[in-house]
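**Student:** My structure is below; once you've seen it, I'll send some questions.
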Amino acid sequence: MNVRATHRQRRSVTALLLLSVALAGGCKEAPGTPGASGPSSDTGTGSSGPQASTSAVPSDPSATPSAPAASASPSAPDRTATPSTSTAPPTASGGWITIDPAAQAAATKAFFARKPKPVTGNPVTVPEFNVGCKTSHHNSDDPIVLPKLVGGSHNHTFWGNTSTDANSTAESLRASKATTCNSPDDQSAYWVPTMYQNGKVVDPTEVTVYYGSRLKDPSRTQPFPFGLRMITGNAKNQVDTPDKQGNHFWCAGIGGEIGRSADKTFPVCAKTAHIVRQITFPDCWDGKHLDSPDHKAHMANGDHTGACPKSHPVPVPSVSFVISYPLSANTDGITLASGTSFSMHADFFNAWKDEALAARVRNCLDQGVKCNSAGNF
């Protein structure tokens, strides 16, 4: 047995011991309440599929840790003093991370006291802004589901903050200035399970992260608190939904879909099109917690009236990943690190600069207009 294998085995044993301790301390899955008033008990955990060394490209077991991606230039200092909910340290209990209610109330009051920038030109009347991103790195870490357990997860593909790993915290993300997204004000971390085709990594050619609202009235939308984290999807799902409408990849571009892969799980696209996956997070928050035991219970979708449910009364931006992969006609042999295509899930860890996020939400979402990555009409 060589030295590499010995170190890997030791690390795996250590990760398993730490995971046992974490589970004993309250990191078990918490059952959710079905319906609009609360999310399901599904989590983004799971370990099926190909594995890889931390920070290494997962198709090459001899790869060395990847170098940080090129960083964007740091932005100018915040122009106004926007109260941050990070001023008082959050408290954690049984997987719930509770914010300071007085600090959050002050931040909310200050936000709605902001005078929105007058709308100019003729923008599209859709409450939305976005950031464009490139792949940053890969590792088998998950700082939301398995914090501090290096190599404890299936492999993930990260974009945004280039420092993201098992030990990432809101503070470490904020301290890191490097991002692969086109707004230096966005220091958030984003990730999904790594895609493979016949065992080789397939990285997205581009990712657009949209921030919008699906609610009937978006005008009361307010920014996420600093450090809010959430997941959507379920790594344990390995089959389609009964109605065949869930968790699907599709073809974008001229010609669109022209067939199905041999296993019928992926579309075959025209040569002028490519594989795309869109993943959307909830846009209603309970107003009290940065995280929950299943990383979903503090968030919910709007109810049948197009409003946030009473259990989650605070409208926040709906985050949506649109991920474009360089695949078209040849879509056989595709898997995810978490298993089949139906196991696709996504993670978001907010580390936006407070002022920059507040300006975009107030000017764009609250006024129901589309802005660009710089937050302009």
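Labels for the structure tokens follow display order: chains A, B, ..., residues from 1 in each chain, ligands from 1.
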Neighbouring residues of A:Val314 were defined as those with any atom within 8 Å, considering only C-alpha atoms; residues of the same chain fewer than 6 positions away were excluded. Please report them as a PyMOL selection string.

**Tutor:** chain A and resi 221-222+284-287+308

**Student:** Please provide the set of residues having any atom within 10 Å of A:Thr272, restricted to only C-alpha atoms, with same-chain residues fewer than 3 positions apart removed, written as an mmCIF file with N, CA, C and O atoms, in the first residue's frame.

**Tutor:**
data_model
loop_
_atom_site.group_PDB
_atom_site.id
_atom_site.type_symbol
_atom_site.label_atom_id
_atom_site.label_comp_id
_atom_site.auth_asym_id
_atom_site.auth_seq_id
_atom_site.Cartn_x
_atom_site.Cartn_y
_atom_site.Cartn_z
ATOM 1 N N CYS A 251 -32.410 21.501 -23.575
ATOM 2 C CA CYS A 251 -31.561 22.019 -24.644
ATOM 3 C C CYS A 251 -31.876 23.490 -24.900
ATOM 4 O O CYS A 251 -33.037 23.857 -25.078
ATOM 5 N N ALA A 252 -30.849 24.322 -24.923
ATOM 6 C CA ALA A 252 -31.012 25.736 -25.229
ATOM 7 C C ALA A 252 -30.279 26.043 -26.529
ATOM 8 O O ALA A 252 -29.156 25.581 -26.734
ATOM 9 N N GLY A 253 -30.897 26.803 -27.395
ATOM 10 C CA GLY A 253 -30.273 27.162 -28.658
ATOM 11 C C GLY A 253 -31.084 26.706 -29.854
ATOM 12 O O GLY A 253 -32.114 26.028 -29.717
ATOM 13 N N ILE A 254 -30.623 27.070 -31.028
ATOM 14 C CA ILE A 254 -31.335 26.765 -32.270
ATOM 15 C C ILE A 254 -31.427 25.252 -32.467
ATOM 16 O O ILE A 254 -30.443 24.534 -32.346
ATOM 17 N N GLY A 255 -32.610 24.777 -32.757
ATOM 18 C CA GLY A 255 -32.817 23.352 -32.989
ATOM 19 C C GLY A 255 -33.293 22.599 -31.768
ATOM 20 O O GLY A 255 -33.997 21.596 -31.890
ATOM 21 N N GLY A 256 -32.890 23.085 -30.568
ATOM 22 C CA GLY A 256 -33.350 22.487 -29.314
ATOM 23 C C GLY A 256 -33.099 21.003 -29.206
ATOM 24 O O GLY A 256 -32.083 20.473 -29.673
ATOM 25 N N CYS A 269 -29.261 17.165 -27.992
ATOM 26 C CA CYS A 269 -29.509 18.493 -28.552
ATOM 27 C C CYS A 269 -28.988 18.584 -29.986
ATOM 28 O O CYS A 269 -28.067 17.869 -30.381
ATOM 29 N N SER A 328 -23.945 18.643 -26.505
ATOM 30 C CA SER A 328 -25.106 18.791 -27.389
ATOM 31 C C SER A 328 -25.573 17.425 -27.865
ATOM 32 O O SER A 328 -26.375 16.771 -27.210
ATOM 33 N N ALA A 329 -25.062 16.949 -29.004
ATOM 34 C CA ALA A 329 -25.551 15.693 -29.573
ATOM 35 C C ALA A 329 -25.097 14.475 -28.782
ATOM 36 O O ALA A 329 -25.812 13.476 -28.701
#

**Student:** As a list in words, please: the residues near stretch 202-205 of chain A (cut-off 7 Å, only C-alpha atoms, same-chain neighbours under 4 positions excluded).

**Tutor:**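 Listing them by chain and then by number gives Thr135, Met195, Tyr196, Gln197, Ile323, Ser324, Tyr325 and Pro326 of chain A.
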
**Student:** Would you give me, as JSON lines, each residue of stretch 221-316 of chain A having an atom within 12 Å of an atom of stretch 92-114 of chain A, along with its shortest atom pair and that distance in Å to one decimal, using only C-alpha atoms and sorting by chain and residue number?

**Tutor:**
{"residue": "A:Thr221", "atom": "CA", "partner": "A:Phe112", "partner_atom": "CA", "distance": 9.5}
{"residue": "A:Gln222", "atom": "CA", "partner": "A:Thr108", "partner_atom": "CA", "distance": 7.3}
{"residue": "A:Pro223", "atom": "CA", "partner": "A:Phe111", "partner_atom": "CA", "distance": 8.3}
{"residue": "A:Phe224", "atom": "CA", "partner": "A:Thr108", "partner_atom": "CA", "distance": 10.2}
{"residue": "A:Pro225", "atom": "CA", "partner": "A:Gln104", "partner_atom": "CA", "distance": 7.8}
{"residue": "A:Phe226", "atom": "CA", "partner": "A:Ile99", "partner_atom": "CA", "distance": 9.9}
{"residue": "A:Gly227", "atom": "CA", "partner": "A:Ile99", "partner_atom": "CA", "distance": 9.8}
{"residue": "A:Leu228", "atom": "CA", "partner": "A:Ile97", "partner_atom": "CA", "distance": 9.2}
{"residue": "A:Arg229", "atom": "CA", "partner": "A:Ile97", "partner_atom": "CA", "distance": 10.0}
{"residue": "A:Met230", "atom": "CA", "partner": "A:Ile97", "partner_atom": "CA", "distance": 11.8}
{"residue": "A:Asp286", "atom": "CA", "partner": "A:Thr98", "partner_atom": "CA", "distance": 10.6}
{"residue": "A:Gly287", "atom": "CA", "partner": "A:Gln104", "partner_atom": "CA", "distance": 8.1}
{"residue": "A:Lys288", "atom": "CA", "partner": "A:Thr98", "partner_atom": "CA", "distance": 5.8}
{"residue": "A:His289", "atom": "CA", "partner": "A:Thr98", "partner_atom": "CA", "distance": 4.4}
{"residue": "A:Leu290", "atom": "CA", "partner": "A:Ile97", "partner_atom": "CA", "distance": 5.3}
{"residue": "A:Asp291", "atom": "CA", "partner": "A:Ile97", "partner_atom": "CA", "distance": 5.2}
{"residue": "A:Ser292", "atom": "CA", "partner": "A:Trp96", "partner_atom": "CA", "distance": 4.3}
{"residue": "A:Pro293", "atom": "CA", "partner": "A:Gly95", "partner_atom": "CA", "distance": 4.3}
{"residue": "A:Asp294", "atom": "CA", "partner": "A:Gly95", "partner_atom": "CA", "distance": 7.9}
{"residue": "A:His295", "atom": "CA", "partner": "A:Gly95", "partner_atom": "CA", "distance": 8.5}
{"residue": "A:Lys296", "atom": "CA", "partner": "A:Trp96", "partner_atom": "CA", "distance": 10.6}
{"residue": "A:Ala297", "atom": "CA", "partner": "A:Trp96", "partner_atom": "CA", "distance": 9.4}
{"residue": "A:His298", "atom": "CA", "partner": "A:Trp96", "partner_atom": "CA", "distance": 8.6}
{"residue": "A:Val314", "atom": "CA", "partner": "A:Thr108", "partner_atom": "CA", "distance": 10.1}
{"residue": "A:Pro315", "atom": "CA", "partner": "A:Thr108", "partner_atom": "CA", "distance": 11.5}
{"residue": "A:Val316", "atom": "CA", "partner": "A:Thr108", "partner_atom": "CA", "distance": 11.4}

**Student:** Store the residues picked out above in a file with N, CA, C and O atoms, as a short mmCIF file (atom, residue, chain, number, x, y, z; two decimals), in the first residue's frame.

**Tutor:**
data_model
loop_
_atom_site.label_atom_id
_atom_site.label_comp_id
_atom_site.auth_asym_id
_atom_site.auth_seq_id
_atom_site.Cartn_x
_atom_site.Cartn_y
_atom_site.Cartn_z
N THR A 221 -39.68 42.88 -1.06
CA THR A 221 -38.50 42.01 -1.01
C THR A 221 -37.35 42.74 -0.33
O THR A 221 -37.11 43.92 -0.59
N GLN A 222 -36.64 42.06 0.54
CA GLN A 222 -35.50 42.64 1.23
C GLN A 222 -34.29 41.73 1.09
O GLN A 222 -34.42 40.56 0.74
N PRO A 223 -33.09 42.25 1.33
CA PRO A 223 -31.88 41.44 1.12
C PRO A 223 -31.78 40.26 2.08
O PRO A 223 -32.34 40.29 3.18
N PHE A 224 -31.05 39.24 1.67
CA PHE A 224 -30.71 38.17 2.60
C PHE A 224 -29.85 38.75 3.71
O PHE A 224 -29.03 39.64 3.47
N PRO A 225 -29.94 38.23 4.92
CA PRO A 225 -28.96 38.60 5.94
C PRO A 225 -27.61 38.01 5.58
O PRO A 225 -27.52 36.96 4.93
N PHE A 226 -26.56 38.68 5.98
CA PHE A 226 -25.20 38.18 5.75
C PHE A 226 -25.06 36.81 6.40
O PHE A 226 -25.40 36.60 7.56
N GLY A 227 -24.54 35.86 5.64
CA GLY A 227 -24.31 34.52 6.17
C GLY A 227 -25.45 33.56 5.99
O GLY A 227 -25.33 32.38 6.36
N LEU A 228 -26.58 33.98 5.39
CA LEU A 228 -27.66 33.04 5.14
C LEU A 228 -27.19 31.97 4.17
O LEU A 228 -26.48 32.27 3.21
N ARG A 229 -27.58 30.73 4.44
CA ARG A 229 -27.20 29.62 3.56
C ARG A 229 -28.41 28.73 3.34
O ARG A 229 -29.30 28.65 4.19
N MET A 230 -28.46 28.08 2.20
CA MET A 230 -29.59 27.19 1.91
C MET A 230 -29.21 26.24 0.78
O MET A 230 -28.27 26.50 0.02
N ASP A 286 -37.92 32.73 7.06
CA ASP A 286 -38.63 32.81 8.34
C ASP A 286 -38.27 34.04 9.15
O ASP A 286 -38.90 34.35 10.16
N GLY A 287 -37.24 34.79 8.74
CA GLY A 287 -36.86 36.02 9.41
C GLY A 287 -36.09 35.83 10.70
O GLY A 287 -35.78 36.81 11.39
N LYS A 288 -35.74 34.59 11.02
CA LYS A 288 -35.11 34.30 12.32
C LYS A 288 -33.81 33.54 12.23
O LYS A 288 -32.98 33.63 13.13
N HIS A 289 -33.63 32.74 11.17
CA HIS A 289 -32.51 31.80 11.15
C HIS A 289 -31.68 31.93 9.87
O HIS A 289 -32.23 32.08 8.78
N LEU A 290 -30.37 31.82 10.04
CA LEU A 290 -29.46 31.78 8.90
C LEU A 290 -29.39 30.38 8.31
O LEU A 290 -29.00 30.21 7.15
N ASP A 291 -29.73 29.38 9.10
CA ASP A 291 -29.70 27.99 8.64
C ASP A 291 -30.59 27.16 9.55
O ASP A 291 -31.01 27.61 10.62
N SER A 292 -30.89 25.94 9.09
CA SER A 292 -31.75 25.03 9.83
C SER A 292 -31.15 23.62 9.72
O SER A 292 -30.24 23.39 8.93
N PRO A 293 -31.64 22.66 10.53
CA PRO A 293 -31.02 21.33 10.53
C PRO A 293 -30.98 20.66 9.16
O PRO A 293 -30.00 19.98 8.84
N ASP A 294 -32.01 20.83 8.35
CA ASP A 294 -32.00 20.23 7.01
C ASP A 294 -31.60 21.23 5.94
O ASP A 294 -31.62 20.92 4.75
N HIS A 295 -31.22 22.45 6.36
CA HIS A 295 -30.76 23.51 5.48
C HIS A 295 -31.85 24.01 4.52
O HIS A 295 -31.58 24.69 3.54
N LYS A 296 -33.11 23.67 4.87
CA LYS A 296 -34.27 24.08 4.07
C LYS A 296 -35.41 24.66 4.90
O LYS A 296 -36.17 25.49 4.40
N ALA A 297 -35.54 24.23 6.14
CA ALA A 297 -36.73 24.55 6.93
C ALA A 297 -36.87 26.04 7.24
O ALA A 297 -37.96 26.50 7.57
N HIS A 298 -35.77 26.81 7.15
CA HIS A 298 -35.86 28.25 7.38
C HIS A 298 -36.33 29.00 6.13
O HIS A 298 -36.56 30.21 6.19
N VAL A 314 -41.04 36.69 5.27
CA VAL A 314 -40.12 37.70 4.73
C VAL A 314 -39.73 37.38 3.29
O VAL A 314 -39.06 36.38 3.02
N PRO A 315 -40.15 38.20 2.32
CA PRO A 315 -39.75 37.98 0.94
C PRO A 315 -38.27 38.35 0.75
O PRO A 315 -37.83 39.44 1.12
N VAL A 316 -37.50 37.42 0.20
CA VAL A 316 -36.10 37.65 -0.13
C VAL A 316 -35.90 37.29 -1.60
O VAL A 316 -36.76 36.66 -2.21
#

**Student:** Please identify which residues in stretch 112-266 of chain A DSSP calls strand (DSSP E or B) from the backbone, and express them as a PyMOL selection string.

**Tutor:** chain A and resi 128-133+135-139+142+146+156-161+179+181+186+189-193+195-197+200-202+206-212+229-233+250-253+257-260

**Student:** Please return, as a list in words, all residues of stretch 62-267 of chain A that DSSP assigns to helix (DSSP H, G or I) on the basis of the backbone.

**Tutor:**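 The residues of stretch 62-267 of chain A classed as helix (DSSP H, G or I) are Pro101, Ala102, Ala103, Gln104, Ala105, Ala106, Ala107, Thr108, Lys109, Ala110, Phe111, Phe112, Ala113, Ala170, Glu171, Ser172, Leu173, Arg174, Ala175, Pro218, Ser219 and Arg220 of chain A.
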
**Student:** Tell me which protein, DNA and RNA residues are within 9 Å of A:Val319, counting only C-alpha atoms, leaving out same-chain ones fewer than 3 positions away, and put them as a ChimeraX atom specification.

**Tutor:** /A:209-213,279-283,348

**Student:** Next, write the just-selected residues to a file, as a short mmCIF file (atom, residue, chain, number, x, y, z; two decimals), in the first residue's frame, keeping N, CA and C atoms as the atom set.

**Tutor:**
data_model
loop_
_atom_site.label_atom_id
_atom_site.label_comp_id
_atom_site.auth_asym_id
_atom_site.auth_seq_id
_atom_site.Cartn_x
_atom_site.Cartn_y
_atom_site.Cartn_z
N VAL A 209 -26.25 33.48 -12.46
CA VAL A 209 -27.01 33.43 -11.21
C VAL A 209 -27.99 34.60 -11.23
N TYR A 210 -29.27 34.27 -11.31
CA TYR A 210 -30.31 35.30 -11.32
C TYR A 210 -30.85 35.50 -9.91
N TYR A 211 -31.07 36.75 -9.56
CA TYR A 211 -31.73 37.13 -8.32
C TYR A 211 -33.03 37.82 -8.72
N GLY A 212 -34.16 37.24 -8.35
CA GLY A 212 -35.43 37.82 -8.76
C GLY A 212 -36.52 37.58 -7.74
N SER A 213 -37.76 37.62 -8.20
CA SER A 213 -38.89 37.31 -7.33
C SER A 213 -39.97 36.66 -8.18
N ILE A 279 -31.82 25.74 -11.75
CA ILE A 279 -32.14 25.34 -10.38
C ILE A 279 -32.57 26.58 -9.62
N THR A 280 -33.74 26.54 -9.00
CA THR A 280 -34.29 27.73 -8.34
C THR A 280 -34.52 27.48 -6.85
N PHE A 281 -34.12 28.44 -6.04
CA PHE A 281 -34.27 28.37 -4.59
C PHE A 281 -35.56 29.07 -4.15
N PRO A 282 -36.04 28.79 -2.95
CA PRO A 282 -37.22 29.48 -2.41
C PRO A 282 -36.94 30.97 -2.18
N ASP A 283 -38.02 31.76 -2.13
CA ASP A 283 -37.84 33.20 -1.91
C ASP A 283 -38.64 33.73 -0.73
N PHE A 348 -26.17 27.58 -1.80
CA PHE A 348 -25.89 29.02 -1.84
C PHE A 348 -25.51 29.48 -0.44
#

**Student:** Give me, as a list in words, all polymer residues having an atom no more than 8 Å from A:Val131, counting only C-alpha atoms and skipping those fewer than 4 positions away in the same chain.

**Tutor:**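 So the residues in contact are Cys181, Asn182, Ser183, Thr208, Val209, Tyr210, Asn372 and Ser373 of chain A.
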
**Student:** Once you have the residues from the selection above, write them out as a PDB file, in the first residue's frame, restricted to N, CA and C atoms.

**Tutor:**
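The result, written out as result_8.pdb:
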ATOM      1  N   CYS A 181     -17.122  35.374 -10.395  1.00  0.00           N
ATOM      2  CA  CYS A 181     -18.302  36.051 -10.919  1.00  0.00           C
ATOM      3  C   CYS A 181     -17.934  37.475 -11.323  1.00  0.00           C
ATOM      4  N   ASN A 182     -18.771  38.095 -12.164  1.00  0.00           N
ATOM      5  CA  ASN A 182     -18.396  39.386 -12.748  1.00  0.00           C
ATOM      6  C   ASN A 182     -18.741  40.593 -11.893  1.00  0.00           C
ATOM      7  N   SER A 183     -19.157  40.367 -10.651  1.00  0.00           N
ATOM      8  CA  SER A 183     -19.348  41.480  -9.724  1.00  0.00           C
ATOM      9  C   SER A 183     -18.444  41.277  -8.517  1.00  0.00           C
ATOM     10  N   THR A 208     -25.094  31.639 -15.091  1.00  0.00           N
ATOM     11  CA  THR A 208     -25.703  32.918 -14.731  1.00  0.00           C
ATOM     12  C   THR A 208     -26.525  32.699 -13.471  1.00  0.00           C
ATOM     13  N   VAL A 209     -26.246  33.485 -12.460  1.00  0.00           N
ATOM     14  CA  VAL A 209     -27.010  33.426 -11.215  1.00  0.00           C
ATOM     15  C   VAL A 209     -27.988  34.600 -11.226  1.00  0.00           C
ATOM     16  N   TYR A 210     -29.267  34.272 -11.307  1.00  0.00           N
ATOM     17  CA  TYR A 210     -30.310  35.298 -11.318  1.00  0.00           C
ATOM     18  C   TYR A 210     -30.846  35.501  -9.911  1.00  0.00           C
ATOM     19  N   ASN A 372     -28.805  44.861 -14.827  1.00  0.00           N
ATOM     20  CA  ASN A 372     -27.683  44.043 -15.259  1.00  0.00           C
ATOM     21  C   ASN A 372     -26.816  43.649 -14.063  1.00  0.00           C
ATOM     22  N   SER A 373     -25.647  43.067 -14.362  1.00  0.00           N
ATOM     23  CA  SER A 373     -24.787  42.566 -13.291  1.00  0.00           C
ATOM     24  C   SER A 373     -24.218  43.681 -12.424  1.00  0.00           C
TER      25      SER A 373
END

**Student:** Calculated over only C-alpha atoms, which of the candidates A:Lys264, A:Lys117, A:Arg360, A:Lys310 has the smallest distance to A:Val239?

**Tutor:**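 Looking at the shortest contact to A:Val239, the residue is A:Lys264.
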
**Student:** Just checking: using only C-alpha atoms, which residue out of A:Gly199, A:Gly121, A:Pro116, A:Pro184 ends up closest to A:Ala337?

**Tutor:**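 Looking only at the distances to A:Ala337, the closest residue turns out to be A:Gly199.
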
**Student:** Report, in Å to a single decimal, how far apart atom CA of A:Phe129 and atom CA of A:Arg277 are.

**Tutor:** 18.8 Å

**Student:** As an exercise, work out the distance from atom CA of A:Ser140 to atom CA of A:Met299 in Å and give it to one decimal place.

**Tutor:**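 Value for the atom CA of A:Ser140-atom CA of A:Met299 distance: 25.5 Å.
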
**Student:** What is the distance, in Å and to one decimal place, between atom CA of A:Asp263 and atom CA of A:Glu206?

**Tutor:**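 Between atom CA of A:Asp263 and atom CA of A:Glu206 the gap works out to 25.8 Å.
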
**Student:** Using only C-alpha atoms, which residues sit within 7 Å of A:Ser219 once same-chain residues fewer than 3 positions away are excluded, as a ChimeraX atom specification?

**Tutor:** /A:365-367

**Student:** Would you export the selected residues with N, CA, C and O atoms as a PDB file, in the first residue's frame, please?

**Tutor:**
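Final output, selection_33.pdb:
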ATOM      1  N   LEU A 365     -35.443  44.857  -7.759  1.00  0.00           N
ATOM      2  CA  LEU A 365     -36.524  43.945  -7.405  1.00  0.00           C
ATOM      3  C   LEU A 365     -37.738  44.693  -6.873  1.00  0.00           C
ATOM      4  O   LEU A 365     -38.877  44.427  -7.283  1.00  0.00           O
ATOM      5  N   ASP A 366     -37.509  45.617  -5.953  1.00  0.00           N
ATOM      6  CA  ASP A 366     -38.650  46.312  -5.339  1.00  0.00           C
ATOM      7  C   ASP A 366     -39.407  47.187  -6.338  1.00  0.00           C
ATOM      8  O   ASP A 366     -40.600  47.449  -6.157  1.00  0.00           O
ATOM      9  N   GLN A 367     -38.707  47.629  -7.383  1.00  0.00           N
ATOM     10  CA  GLN A 367     -39.378  48.436  -8.396  1.00  0.00           C
ATOM     11  C   GLN A 367     -39.829  47.606  -9.597  1.00  0.00           C
ATOM     12  O   GLN A 367     -40.381  48.143 -10.550  1.00  0.00           O
TER      13      GLN A 367
END
